[in-house]
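Asker: Below is work_5.txt; it holds compact mmCIF, C-alpha atoms and all ligand atoms.
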# COMPACT_ATOMS: atom_id res chain seq x y z
CA MET U 1374 160.78 126.24 138.20
CA LYS U 1375 158.32 125.61 135.40
CA ARG U 1376 158.63 122.28 133.60
CA LEU U 1377 158.32 121.24 129.98
CA GLY U 1378 156.64 117.95 129.11
CA VAL U 1379 157.10 116.92 125.49
CA ASN U 1380 154.37 114.84 123.89
CA ILE U 1381 156.00 112.44 121.40
CA ASP U 1382 152.83 110.77 120.06
CA HIS U 1383 153.43 112.21 116.61
CA VAL U 1384 156.80 110.55 116.29
CA ALA U 1385 154.80 107.32 116.44
CA THR U 1386 152.25 108.74 113.97
CA LEU U 1387 155.08 109.28 111.50
CA ARG U 1388 156.52 105.82 112.13
CA ASN U 1389 153.11 104.21 111.65
CA ALA U 1390 152.61 106.01 108.33
CA ARG U 1391 155.29 103.71 106.92
CA GLY U 1392 154.51 100.64 109.02
CA GLU U 1393 158.19 100.23 109.79
CA ASN U 1394 160.35 101.16 112.78
CA HIS U 1395 161.56 104.66 111.98
CA PRO U 1396 161.32 107.21 113.57
CA ASP U 1397 161.41 105.33 116.87
CA PRO U 1398 159.45 106.96 119.74
CA VAL U 1399 161.79 105.31 122.26
CA TYR U 1400 164.74 107.09 120.67
CA ALA U 1401 162.68 110.31 120.61
CA ALA U 1402 161.95 109.98 124.35
CA LYS U 1403 165.65 109.62 125.17
CA PHE U 1404 166.55 112.43 122.78
CA VAL U 1405 164.12 115.02 124.15
CA LYS U 1406 165.24 114.21 127.69
CA LYS U 1407 168.86 114.73 126.69
CA VAL U 1408 168.11 118.14 125.17
CA GLY U 1409 166.15 119.41 128.16
CA ALA U 1410 162.59 118.05 128.43
CA ASP U 1411 161.57 117.54 132.06
CA SER U 1412 159.18 114.72 131.21
CA ILE U 1413 157.59 113.12 128.18
CA THR U 1414 153.94 112.50 127.52
CA ILE U 1415 152.39 109.67 125.54
CA HIS U 1416 148.72 108.95 124.95
CA LEU U 1417 147.68 105.32 124.80
CA ARG U 1418 144.58 105.76 122.67
CA GLU U 1419 141.88 103.11 122.52
CA ASP U 1420 142.50 102.72 118.75
CA ARG U 1421 146.34 102.77 119.24
CA ARG U 1422 146.61 105.18 116.34
CA HIS U 1423 150.10 106.30 117.42
CA ILE U 1424 151.71 104.96 120.62
CA ASN U 1425 151.10 101.25 121.27
CA ASP U 1426 151.46 99.18 124.43
CA ALA U 1427 154.93 97.93 123.50
CA ASP U 1428 156.16 101.53 122.90
CA ALA U 1429 154.68 102.61 126.22
CA LYS U 1430 156.35 99.75 128.11
CA ARG U 1431 159.73 100.41 126.51
CA ILE U 1432 159.48 104.15 127.16
CA CYS U 1433 158.50 103.59 130.81
CA SER U 1434 161.51 101.36 131.33
CA ILE U 1435 164.00 104.09 130.33
CA LYS U 1436 165.98 104.90 133.47
CA GLY U 1437 165.69 108.46 134.81
CA LEU U 1438 162.91 109.44 132.39
CA LEU U 1439 159.64 110.77 133.84
CA VAL U 1440 156.70 109.52 131.78
CA ASN U 1441 153.21 110.99 131.82
CA LEU U 1442 150.72 108.53 130.32
CA GLU U 1443 147.44 109.97 129.06
CA ILE U 1444 144.54 107.56 129.40
CA SER U 1445 140.80 107.55 128.93
CA THR U 1446 138.44 106.07 131.51
CA ASN U 1447 138.08 102.86 129.45
CA SER U 1448 138.60 99.90 131.83
CA ASN U 1449 140.97 98.03 129.48
CA ILE U 1450 143.11 101.14 129.03
CA VAL U 1451 143.22 101.59 132.82
CA LYS U 1452 144.29 97.93 133.27
CA ASN U 1453 147.01 98.30 130.64
CA ALA U 1454 148.19 101.58 132.16
CA ILE U 1455 148.67 99.86 135.52
CA LYS U 1456 150.85 97.22 133.81
CA ILE U 1457 152.83 99.89 131.92
CA LYS U 1458 153.77 101.61 135.23
CA PRO U 1459 154.18 105.26 134.20
CA ASN U 1460 155.34 107.89 136.71
CA PHE U 1461 152.27 110.03 136.10
CA ILE U 1462 148.86 109.58 134.53
CA CYS U 1463 146.56 112.20 133.07
CA ILE U 1464 142.95 111.19 132.50
CA VAL U 1465 141.57 112.64 129.26
CA PRO U 1466 138.25 112.35 127.42
CA GLU U 1467 138.42 110.30 124.26
CA LYS U 1468 136.12 110.10 121.27
CA ARG U 1469 136.97 107.54 118.61
CA LYS U 1470 136.47 109.87 115.64
CA GLU U 1471 138.22 112.96 117.01
CA ILE U 1472 141.51 114.04 115.44
CA THR U 1473 142.83 115.20 118.81
CA THR U 1474 141.49 115.61 122.36
CA GLU U 1475 138.73 118.13 121.79
CA GLY U 1476 138.02 119.42 125.26
CA GLY U 1477 138.34 118.70 128.94
CA LEU U 1478 136.65 115.90 130.89
CA ASN U 1479 132.97 115.95 131.77
CA LEU U 1480 133.52 115.75 135.52
CA ILE U 1481 129.85 115.92 136.40
CA LYS U 1482 128.86 112.93 134.27
CA ASN U 1483 131.97 110.83 134.97
CA ARG U 1484 132.76 111.84 138.53
CA THR U 1485 132.51 108.39 140.15
CA ILE U 1486 134.47 106.49 137.52
CA ILE U 1487 137.20 109.16 137.51
CA GLN U 1488 137.36 109.20 141.31
CA ASN U 1489 137.86 105.42 141.36
CA ILE U 1490 140.64 105.61 138.76
CA ILE U 1491 142.40 108.32 140.79
CA LYS U 1492 142.23 106.12 143.91
CA LYS U 1493 143.74 103.15 142.02
CA PHE U 1494 146.75 105.13 140.76
CA LYS U 1495 147.31 107.00 144.00
CA ARG U 1496 147.57 103.65 145.79
CA LEU U 1497 150.41 102.85 143.37
CA ASN U 1498 152.11 106.19 144.11
CA ILE U 1499 151.51 107.37 140.56
CA ARG U 1500 150.87 111.12 140.22
CA THR U 1501 147.35 111.78 138.97
CA SER U 1502 146.09 114.57 136.77
CA LEU U 1503 142.82 115.51 135.05
CA PHE U 1504 142.52 117.27 131.71
CA VAL U 1505 139.90 119.93 132.42
CA ASN U 1506 138.25 122.90 130.78
CA PRO U 1507 138.94 126.26 132.40
CA SER U 1508 135.83 126.11 134.60
CA LEU U 1509 135.78 127.01 138.31
CA LYS U 1510 133.16 124.33 138.90
CA ASP U 1511 135.46 121.66 137.44
CA ILE U 1512 138.35 122.85 139.62
CA ARG U 1513 136.16 122.44 142.71
CA ILE U 1514 135.12 118.93 141.63
CA SER U 1515 138.79 118.09 140.98
CA LYS U 1516 139.54 119.04 144.58
CA ALA U 1517 136.62 117.00 145.88
CA ILE U 1518 137.85 113.87 144.10
CA ASN U 1519 141.36 114.36 145.45
CA VAL U 1520 143.43 114.55 142.27
CA ASP U 1521 147.06 115.74 142.54
CA CYS U 1522 147.14 117.97 139.45
CA ILE U 1523 144.91 119.46 136.81
CA GLU U 1524 145.91 120.21 133.24
CA ILE U 1525 143.91 123.08 131.81
CA HIS U 1526 142.84 122.63 128.17
CA THR U 1527 144.32 125.61 126.34
CA GLY U 1528 142.88 124.76 122.91
CA LYS U 1529 140.37 127.62 122.86
CA LEU U 1530 142.96 130.20 123.88
CA SER U 1531 145.38 128.87 121.26
CA ASN U 1532 142.78 129.10 118.50
CA LEU U 1533 141.86 132.67 119.45
CA VAL U 1534 145.52 133.74 119.44
CA LYS U 1535 146.29 131.95 116.17
CA THR U 1536 143.31 133.52 114.39
CA GLY U 1537 144.11 137.02 115.66
CA LYS U 1538 140.96 137.25 117.82
CA ASN U 1539 140.63 138.76 121.28
CA PHE U 1540 141.82 136.17 123.79
CA GLN U 1541 141.75 138.25 127.01
CA LYS U 1542 138.49 136.78 128.34
CA GLU U 1543 139.74 133.20 127.84
CA LEU U 1544 143.10 134.06 129.39
CA LYS U 1545 141.28 135.52 132.41
CA ARG U 1546 139.26 132.30 132.77
CA ILE U 1547 142.43 130.21 132.67
CA LYS U 1548 144.08 132.54 135.19
CA GLU U 1549 141.17 132.39 137.64
CA CYS U 1550 141.02 128.60 137.42
CA SER U 1551 144.78 128.30 137.84
CA PHE U 1552 144.77 130.44 140.98
CA LEU U 1553 141.78 128.63 142.46
CA ALA U 1554 143.41 125.23 141.87
CA ASN U 1555 146.71 126.44 143.29
CA ASP U 1556 144.95 127.85 146.38
CA LEU U 1557 143.23 124.49 146.86
CA GLY U 1558 146.59 122.69 146.77
CA ILE U 1559 146.26 121.23 143.26
CA GLU U 1560 149.29 121.54 140.96
CA VAL U 1561 148.43 123.37 137.73
CA HIS U 1562 149.51 122.30 134.24
CA ALA U 1563 148.53 123.59 130.80
CA GLY U 1564 148.35 121.95 127.42
CA HIS U 1565 146.83 121.70 123.98
CA GLY U 1566 147.51 123.63 120.82
CA LEU U 1567 150.46 125.50 122.34
CA ASP U 1568 153.16 127.11 120.23
CA TYR U 1569 155.87 129.65 121.09
CA LYS U 1570 153.46 132.59 121.21
CA THR U 1571 150.68 130.98 123.27
CA THR U 1572 153.15 129.44 125.69
CA LYS U 1573 154.76 132.84 126.22
CA ILE U 1574 151.33 134.36 126.95
CA LEU U 1575 150.56 131.65 129.50
CA THR U 1576 153.86 132.11 131.33
CA ARG U 1577 152.24 135.30 132.69
CA ILE U 1578 150.24 132.95 134.95
CA LYS U 1579 152.90 132.21 137.52
CA VAL U 1580 151.13 129.27 139.18
CA ILE U 1581 151.24 127.12 136.02
CA LYS U 1582 154.00 124.65 136.83
CA GLU U 1583 154.07 122.41 133.75
CA PHE U 1584 153.41 122.82 130.03
CA ASN U 1585 152.66 119.73 127.95
CA ILE U 1586 153.27 120.34 124.27
CA GLY U 1587 153.25 117.94 121.35
CA HIS U 1588 152.08 118.72 117.84
CA PHE U 1589 153.87 122.05 117.43
CA ILE U 1590 157.16 120.67 118.77
CA ILE U 1591 157.20 117.72 116.38
CA GLY U 1592 155.94 119.82 113.43
CA GLU U 1593 158.38 122.68 113.98
CA SER U 1594 161.25 120.20 114.32
CA VAL U 1595 160.91 119.49 110.60
CA PHE U 1596 162.31 122.99 110.05
CA SER U 1597 164.46 123.69 113.11
CA GLY U 1598 165.30 120.30 114.59
CA LEU U 1599 164.02 118.79 117.85
CA ASN U 1600 167.04 120.00 119.79
CA ASP U 1601 166.46 123.69 118.92
CA VAL U 1602 162.70 123.57 119.40
CA VAL U 1603 162.89 121.95 122.86
CA LYS U 1604 165.59 124.41 123.93
CA LYS U 1605 163.55 127.37 122.68
CA PHE U 1606 160.52 126.23 124.70
CA LYS U 1607 162.71 125.77 127.77
CA THR U 1608 163.91 129.35 127.40
CA ILE U 1609 160.34 130.64 127.02
CA ILE U 1610 159.00 128.92 130.12
CA LYS U 1611 162.01 129.55 132.35
N1 LIG U 1701 147.85 117.66 126.98
C1 LIG U 1701 146.87 116.76 126.79
C2 LIG U 1701 146.14 116.25 127.98
C3 LIG U 1701 146.58 116.28 125.49
O1 LIG U 1701 145.60 115.38 125.31
C4 LIG U 1701 147.33 116.76 124.40
C5 LIG U 1701 147.04 116.28 123.01
O2 LIG U 1701 147.15 114.93 122.92
C6 LIG U 1701 148.36 117.67 124.67
C7 LIG U 1701 148.58 118.13 125.97
C8 LIG U 1701 149.26 118.17 123.59
O3 LIG U 1701 148.56 118.95 122.68
P1 LIG U 1701 149.28 119.42 121.36
O4 LIG U 1701 149.69 118.20 120.61
O5 LIG U 1701 148.24 120.22 120.66
O6 LIG U 1701 150.47 120.23 121.80
Take the structure in this file and express it as structure tokens.
Answerer:
Amino acid sequence: MKRLGVNIDHVATLRNARGENHPDPVYAAKFVKKVGADSITIHLREDRRHINDADAKRICSIKGLLVNLEISTNSNIVKNAIKIKPNFICIVPEKRKEITTEGGLNLIKNRTIIQNIIKKFKRLNIRTSLFVNPSLKDIRISKAINVDCIEIHTGKLSNLVKTGKNFQKELKRIKECSFLANDLGIEVHAGHGLDYKTTKILTRIKVIKEFNIGHFIIGESVFSGLNDVVKKFKTIIK
């Protein structure tokens, strides 16, 4: 069974635009679970531009909800993440000025720091994941540093599909990386820039077990409602 993780960061973005309490990301987390999400994802950014520590703590205390917390390698973020006690973590690169996560981790440059973070969370029985580019080399490093899962950055594929360009080469890269990771015993996830069409394309890669989708789900909900959008994604990935 393939799983759907719903990223609710942009519910907090909308709330913060007003500086008040609505819409509440805690309510959103409960709501998406009720309508079929298998887990929710939140990104505790260093600048706290959407989800803050209090949101993260409240969301992680919701009974029966699986929470995937995205974190950078920043030592304060790692300390806070340990206090927040998510079910899963996904380590992502973070640049202060970026609008969204622009690519996968640089595993060559940051190998030691990432390996140490993985060890810390594994000791706490928290599932670990790395946000990586579709590169065979990065999959092999992921195996060497003993991570449980990898999430392949699908931003490039999504852009090619959305702009009507040929995406077959990128899809092939993602497929090869997915199969290598799966053969090495690493669970494969995919995320970034996904909409109905790109998610459908990626379901051709059978070894992808989890899709983490945020911006399109929250944006499309303006027109169709969160309930319908989550259910439609569940049908696509089934
Ligand atoms: N997965 C990871 C690791 C991410 O950093 C993001 C964006 O924050 C997503 C998935 C979701 O991407 P999008 O909002 O484009 O669906």
Asker: To one decimal place, how far is atom CA of Asp1511 of chain U from atom CA of Glu1583 of chain U in Å?
Answerer: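 One can read the atom CA of Asp1511 of chain U to atom CA of Glu1583 of chain U distance as 19.0 Å.
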Asker: Identify, on the basis of only C-alpha atoms, every residue whose closest approach to Asp1601 of chain U does not exceed 12 Å; exclude the query and any residue fewer than 5 positions from it along the same chain; express the result as a list in words.
Answerer: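 So the residues in contact are Phe1404, Val1405, Val1408, Gly1409, Ala1410, Ile1590, Ile1591, Glu1593, Ser1594, Val1595, Phe1596, Phe1606, Lys1607 and Thr1608 of chain U.
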Asker: Show me, as lines of an AutoDock Vina configuration file, the centre and edge lengths in Å to one decimal of the axis-aligned box that covers every listed atom of ligand LIG 1701 (chain U) with 8 Å on each side.
Answerer:
center_x = 148.0
center_y = 117.6
center_z = 124.3
size_x = 20.9
size_y = 21.3
size_z = 23.4
Asker: Residues near segment 1483-1490 of chain U, anyone? I mean within 10 Å using all atoms listed in the file, not counting same-chain ones fewer than 6 positions away, as a PyMOL selection string.
Answerer: chain U and resi 1445-1448+1451+1464-1466+1501+1503+1514-1515+1517-1520
Asker: Quick one: pull the distance between atom CA of Gly1564 of chain U and atom CA of Gly1392 of chain U, Å, one decimal.
Answerer: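 Taking atom CA of Gly1564 of chain U and atom CA of Gly1392 of chain U, their separation equals 28.8 Å.
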Asker: Throw together the list of residues within 9 Å of ligand LIG 1701 (chain U), counting only C-alpha atoms and all ligand atoms, and drop it here as a PyMOL selection string.
Answerer: chain U and resi 1378-1383+1414-1416+1443-1444+1463-1467+1473-1477+1502-1505+1524-1528+1562-1568+1584-1591
Asker: Within 8 Å of Ser1551 of chain U, counting all atoms listed in the file, which residues qualify if same-chain residues fewer than 3 places away don't, as a VMD selection string?
Answerer: chain U and resid 1547 to 1548 1554 to 1555 1561 1578 1580 to 1581
Asker: For Leu1530 of chain U, which residue out of U:Lys1570, U:Arg1431, U:Lys1516, U:Lys1493 is the nearest one, using only C-alpha atoms?
Answerer: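 With only C-alpha atoms as the atom set, the closest residue is U:Lys1570.
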Asker: Given the choices U:Ser1412, U:His1423, U:Lys1579, U:Lys1403, which gets closest to Ala1385 of chain U if the distance is worked out from all atoms listed in the file?
Answerer: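 Selected residue with least distance to Ala1385 of chain U: U:His1423.
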Asker: Residues around (154.7, 112.6, 132.1), cut-off 6 Å, counting only C-alpha atoms - what are they as a list in words?
Answerer: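 Result, sorted by chain then residue number: Ser1412, Ile1413, Thr1414, Leu1439, Val1440, Asn1441, Leu1442 and Phe1461 of chain U.
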Asker: So how far away is atom CA of Arg1496 of chain U from atom CA of Lys1430 of chain U, in Å?
Answerer: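 Computing it gives 20.1 Å between the two atoms.
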